Amino acid sequence: MIIKENFELKNLCTFSIGGRAKFLCLIKTKEDLIEAFNKAQDEKIKVHIHGGGSNTLYSDKDLNLLVVKMNNIGVNHNNEHLEVLSGTPWSYLLNYCLKNKLYGLEPLMGIPGTIGGAVYGNAGAHGMEIKDAIIEIECFDTESKEFTTVNLDNFKFSYRYSDFKKNKNLIIWSVKLGFSKDIKDKRGSLEEFKNFRLEKQPQGKTTGSFFRNPEGDSAGRLIEAAGLKGYSLGGIKSSEKHANFFINFNNARFEDVIQLKNLIQKRVFEKFGVELVPEVITVE
Ligand SMILES: Cc1cc2nc3c(=O)[nH]c(=O)nc-3n(C[C@H](O)[C@H](O)[C@H](O)COP(=O)(O)OP(=O)(O)OC[C@H]3O[C@@H](n4cnc5c(N)ncnc54)[C@H](O)[C@@H]3O)c2cc1C
């Protein structure tokens, strides 16, 4: 396992914001993961799990944390399922599926980050959520220090939510996903999904949608209607292209993001009585 000290987290996330973590552990194997948790115990320090950093806002203060970067990457398949290690980026899985002519996951393929991060937040796009494809999840339980299979019968997944958000002791290690070998089960065109993102979403240092969409509405529409589309504060702004995407356009500080978040929440609540809830995970 590779361990780095005082590692700048802004280099690990799509927002490019973040102070130094006391330790960064790059883990590839199950033994590495166990070793990282043992180190955290020895150092009496909290652990944060990092996938691809595309849904994470780190404080820019120095953080007394041991950050575990999931670098367990790999995909296999048999006739029934794909088995994907949780640190695998979606782009890697896409290439694997294209090469092996496996269909059914197309709508999810443009999501940044890792499979583990997607399962944690039940990521979704174009009418599909990752929960629709999950067959089995293998986890590391930090309490028993054992690898176990999650009982999915009573495990809840909903819009941008999975029970991993409340079971903090479970670290996703690998996921079995369903697929089809029949091209008729292809769920839409990768080209069209890609073009949709290029057309509707801004480029730049962002975490994608900052707020969850309230039921029956869209956070982007509410921000625009509250007059804050394109509004900037310090180095951060709500994108002119998609109001719910915050863009770090000029060395934004953590505090800039929090102030913009608070302002948008206040204005939207005053105007529409709707409480916007962040989708982005804040670590401070
Ligand atoms: C340009 C852009 C477009 C986006 N489009 C979409 C979209 O269409 N749909 C969508 O749903 N999201 C979208 N997102 C948000 C983001 O990509 C997803 O939420 C993604 O699934 C996060 O994965 P990650 O690996 O980057 O997670 P991270 O940001 O690294 O982590 C997010 C959370 O997951 C936890 N976590 C990560 N890995 C594990 C693990 N192995 N075990 C336990 N916990 C873990 C972390 O501790 C953290 O709490 C977009 C983001 C960007 C920047």
# chains A, B, ... in the order shown; residues from 1 in each chain; ligands from 1
>>> closest_atom_pairs(of="chain A", to="ligand 1", cutoff="7 Å", atoms="only C-alpha atoms and all ligand atoms", output="Markdown table")
| residue | atom | partner | partner_atom_place_in_ligand_line | distance |
| --- | --- | --- | --- | --- |
| A:Thr14 | CA | ligand 1 | 53 (C) | 5.9 |
| A:His48 | CA | ligand 1 | 47 (O) | 5.8 |
| A:Ile49 | CA | ligand 1 | 47 (O) | 4.1 |
| A:His50 | CA | ligand 1 | 30 (O) | 4.1 |
| A:Gly51 | CA | ligand 1 | 30 (O) | 3.3 |
| A:Gly52 | CA | ligand 1 | 26 (O) | 3.4 |
| A:Gly53 | CA | ligand 1 | 29 (O) | 3.4 |
| A:Ser54 | CA | ligand 1 | 26 (O) | 3.6 |
| A:Asn55 | CA | ligand 1 | 29 (O) | 3.5 |
| A:Thr56 | CA | ligand 1 | 29 (O) | 4.2 |
| A:Met70 | CA | ligand 1 | 41 (N) | 6.3 |
| A:Ser86 | CA | ligand 1 | 41 (N) | 5.1 |
| A:Gly87 | CA | ligand 1 | 41 (N) | 6.4 |
| A:Gly110 | CA | ligand 1 | 8 (O) | 6.9 |
| A:Ile111 | CA | ligand 1 | 6 (C) | 4.9 |
| A:Pro112 | CA | ligand 1 | 17 (O) | 4.2 |
| A:Gly113 | CA | ligand 1 | 26 (O) | 3.4 |
| A:Thr114 | CA | ligand 1 | 25 (O) | 3.7 |
| A:Ile115 | CA | ligand 1 | 25 (O) | 6.3 |
| A:Gly116 | CA | ligand 1 | 41 (N) | 4.0 |
| A:Gly117 | CA | ligand 1 | 23 (O) | 3.6 |
| A:Ala118 | CA | ligand 1 | 21 (O) | 3.3 |
| A:Val119 | CA | ligand 1 | 21 (O) | 6.9 |
| A:Tyr120 | CA | ligand 1 | 34 (O) | 5.1 |
| A:Gly121 | CA | ligand 1 | 19 (O) | 5.9 |
| A:Asn122 | CA | ligand 1 | 11 (O) | 6.6 |
| A:Ala123 | CA | ligand 1 | 11 (O) | 3.2 |
| A:Gly124 | CA | ligand 1 | 11 (O) | 4.2 |
| A:Ala125 | CA | ligand 1 | 8 (O) | 4.6 |
| A:Arg160 | CA | ligand 1 | 11 (O) | 6.5 |
| A:Phe164 | CA | ligand 1 | 43 (C) | 6.9 |
| A:Leu170 | CA | ligand 1 | 43 (C) | 6.5 |
| A:Ile171 | CA | ligand 1 | 42 (N) | 3.9 |
| A:Ile172 | CA | ligand 1 | 42 (N) | 3.8 |
| A:Trp173 | CA | ligand 1 | 41 (N) | 5.7 |
| A:Gln203 | CA | ligand 1 | 1 (C) | 7.0 |
| A:Thr206 | CA | ligand 1 | 53 (C) | 5.0 |
| A:Thr207 | CA | ligand 1 | 53 (C) | 3.7 |
| A:Gly208 | CA | ligand 1 | 52 (C) | 3.6 |
| A:Ser209 | CA | ligand 1 | 50 (C) | 6.4 |
| A:Ile281 | CA | ligand 1 | 49 (O) | 5.6 |
>>> write_last_selection(atoms="N, CA and C atoms", output="short mmCIF file (atom, residue, chain, number, x, y, z; two decimals), in the first residue's frame")
data_model
loop_
_atom_site.label_atom_id
_atom_site.label_comp_id
_atom_site.auth_asym_id
_atom_site.auth_seq_id
_atom_site.Cartn_x
_atom_site.Cartn_y
_atom_site.Cartn_z
N THR A 14 -12.76 16.60 -8.73
CA THR A 14 -13.11 17.35 -9.94
C THR A 14 -13.38 18.83 -9.65
N HIS A 48 -11.75 8.63 5.66
CA HIS A 48 -12.73 9.00 4.63
C HIS A 48 -12.42 8.20 3.37
N ILE A 49 -13.47 7.62 2.78
CA ILE A 49 -13.29 6.83 1.55
C ILE A 49 -13.46 7.74 0.34
N HIS A 50 -12.50 7.65 -0.57
CA HIS A 50 -12.50 8.49 -1.77
C HIS A 50 -12.54 7.60 -3.01
N GLY A 51 -13.54 7.84 -3.86
CA GLY A 51 -13.62 7.09 -5.12
C GLY A 51 -12.93 7.88 -6.21
N GLY A 52 -13.73 8.60 -7.00
CA GLY A 52 -13.15 9.44 -8.06
C GLY A 52 -13.18 10.92 -7.69
N GLY A 53 -13.81 11.26 -6.57
CA GLY A 53 -13.85 12.66 -6.13
C GLY A 53 -14.72 13.55 -7.01
N SER A 54 -15.71 12.96 -7.69
CA SER A 54 -16.55 13.79 -8.58
C SER A 54 -17.84 14.23 -7.91
N ASN A 55 -18.01 13.83 -6.64
CA ASN A 55 -19.20 14.28 -5.91
C ASN A 55 -18.82 14.77 -4.52
N THR A 56 -17.57 15.23 -4.39
CA THR A 56 -17.05 15.56 -3.06
C THR A 56 -16.50 16.98 -3.01
N MET A 70 -9.69 4.57 -3.32
CA MET A 70 -9.98 3.22 -3.83
C MET A 70 -9.37 3.07 -5.22
N SER A 86 -14.70 -1.84 -6.93
CA SER A 86 -15.36 -0.56 -6.67
C SER A 86 -14.56 0.66 -7.11
N GLY A 87 -13.24 0.54 -7.23
CA GLY A 87 -12.45 1.71 -7.65
C GLY A 87 -12.39 1.88 -9.16
N GLY A 110 -21.76 7.79 -18.99
CA GLY A 110 -21.08 9.10 -18.99
C GLY A 110 -20.87 9.67 -17.60
N ILE A 111 -21.27 8.92 -16.57
CA ILE A 111 -21.15 9.46 -15.21
C ILE A 111 -19.67 9.43 -14.80
N PRO A 112 -19.14 10.55 -14.31
CA PRO A 112 -17.74 10.53 -13.85
C PRO A 112 -17.59 9.69 -12.57
N GLY A 113 -16.37 9.43 -12.18
CA GLY A 113 -16.11 8.76 -10.91
C GLY A 113 -16.07 7.25 -11.04
N THR A 114 -16.22 6.60 -9.89
CA THR A 114 -16.03 5.15 -9.80
C THR A 114 -17.35 4.42 -9.60
N ILE A 115 -17.30 3.11 -9.77
CA ILE A 115 -18.49 2.29 -9.55
C ILE A 115 -18.89 2.35 -8.06
N GLY A 116 -17.89 2.33 -7.17
CA GLY A 116 -18.19 2.39 -5.73
C GLY A 116 -18.92 3.68 -5.36
N GLY A 117 -18.44 4.80 -5.90
CA GLY A 117 -19.08 6.09 -5.63
C GLY A 117 -20.50 6.10 -6.17
N ALA A 118 -20.69 5.47 -7.32
CA ALA A 118 -22.02 5.44 -7.94
C ALA A 118 -23.00 4.61 -7.10
N VAL A 119 -22.51 3.49 -6.56
CA VAL A 119 -23.38 2.65 -5.74
C VAL A 119 -23.74 3.40 -4.45
N TYR A 120 -22.73 4.04 -3.86
CA TYR A 120 -22.95 4.78 -2.60
C TYR A 120 -24.09 5.79 -2.75
N GLY A 121 -24.08 6.52 -3.87
CA GLY A 121 -25.09 7.58 -4.05
C GLY A 121 -26.20 7.18 -5.01
N ASN A 122 -26.27 5.89 -5.38
CA ASN A 122 -27.24 5.42 -6.38
C ASN A 122 -27.31 6.39 -7.56
N ALA A 123 -26.16 6.56 -8.20
CA ALA A 123 -26.07 7.49 -9.33
C ALA A 123 -27.00 7.05 -10.45
N GLY A 124 -27.45 8.02 -11.22
CA GLY A 124 -28.36 7.70 -12.31
C GLY A 124 -28.31 8.73 -13.41
N ALA A 125 -28.79 8.32 -14.57
CA ALA A 125 -28.87 9.24 -15.71
C ALA A 125 -29.81 8.65 -16.76
N ARG A 160 -30.70 9.17 -5.58
CA ARG A 160 -29.39 9.60 -5.05
C ARG A 160 -29.18 9.17 -3.59
N PHE A 164 -25.95 2.76 2.22
CA PHE A 164 -24.53 2.95 2.59
C PHE A 164 -24.35 4.30 3.27
N LEU A 170 -19.75 0.12 6.27
CA LEU A 170 -19.64 -0.75 5.09
C LEU A 170 -18.92 -0.04 3.95
N ILE A 171 -17.78 -0.59 3.57
CA ILE A 171 -17.01 -0.04 2.44
C ILE A 171 -17.24 -0.96 1.25
N ILE A 172 -17.70 -0.38 0.16
CA ILE A 172 -18.03 -1.19 -1.02
C ILE A 172 -16.73 -1.68 -1.66
N TRP A 173 -16.62 -3.01 -1.82
CA TRP A 173 -15.40 -3.56 -2.42
C TRP A 173 -15.62 -3.96 -3.88
N GLN A 203 -18.50 22.54 -19.08
CA GLN A 203 -17.19 21.94 -18.82
C GLN A 203 -16.58 22.68 -17.63
N THR A 206 -16.03 21.09 -11.62
CA THR A 206 -17.38 21.04 -11.07
C THR A 206 -17.62 19.67 -10.43
N THR A 207 -18.69 19.58 -9.63
CA THR A 207 -19.10 18.28 -9.10
C THR A 207 -20.41 17.85 -9.74
N GLY A 208 -20.75 18.44 -10.88
CA GLY A 208 -22.05 18.13 -11.48
C GLY A 208 -23.15 18.83 -10.69
N SER A 209 -24.32 18.23 -10.62
CA SER A 209 -25.43 18.87 -9.90
C SER A 209 -25.07 19.08 -8.44
N ILE A 281 -21.25 15.66 -1.39
CA ILE A 281 -20.82 15.26 -0.05
C ILE A 281 -19.75 16.25 0.42
#
>>> select_by_dssp(residues="range 28-277 of chain A", states="helix (DSSP H, G or I)", output="PyMOL selection string")
chain A and resi 30-43+90-100+106-108+115-120+130-132+152-154+163-165+183-185+190-200+219-225+254-272
>>> residues_around(residues="range 226-236 of chain A", least_positions_apart="4", cutoff="8 Å", atoms="only C-alpha atoms", output="ChimeraX atom specification")
/A:222,240-243,246-253,256-257,259-260,264,267-268,271
>>> residues_around(residues="Thr88 in chain A", least_positions_apart="3", cutoff="8 Å", atoms="only C-alpha atoms", output="ChimeraX atom specification")
/A:71-75,84-85,92-93,114-116
>>> closest_residue(among="A:Tyr159, A:Phe147, A:Phe7, A:Phe15", to="Tyr58 in chain A", atoms="only C-alpha atoms")
A:Phe15
>>> closest_residue(among="A:Ile45, A:Leu190, A:Val150, A:Met128", to="Leu94 in chain A", atoms="only C-alpha atoms")
A:Leu190
>>> atom_distance(atom1="CA of Pro214 in chain A", atom2="CA of Leu263 in chain A")
17.3 Å
>>> residues_around(residues="Leu9 in chain A", least_positions_apart="2", cutoff="12 Å", atoms="only C-alpha atoms", output="PyMOL selection string")
chain A and resi 4-7+11-24+48+50+52-53+56-63+65-69+283-284
>>> select_by_dssp(residues="range 54-155 of chain A", states="strand (DSSP E or B)", output="number ranges by chain")
A: 56-58, 63-70, 75-77, 81-85, 89, 103, 114, 124-125, 128-129, 134-141, 146-149
>>> atom_distance(atom1="CA of Leu108 in chain A", atom2="CA of Trp90 in chain A")
8.1 Å
>>> atom_distance(atom1="CA of Phe179 in chain A", atom2="CA of Ile137 in chain A")
15.5 Å
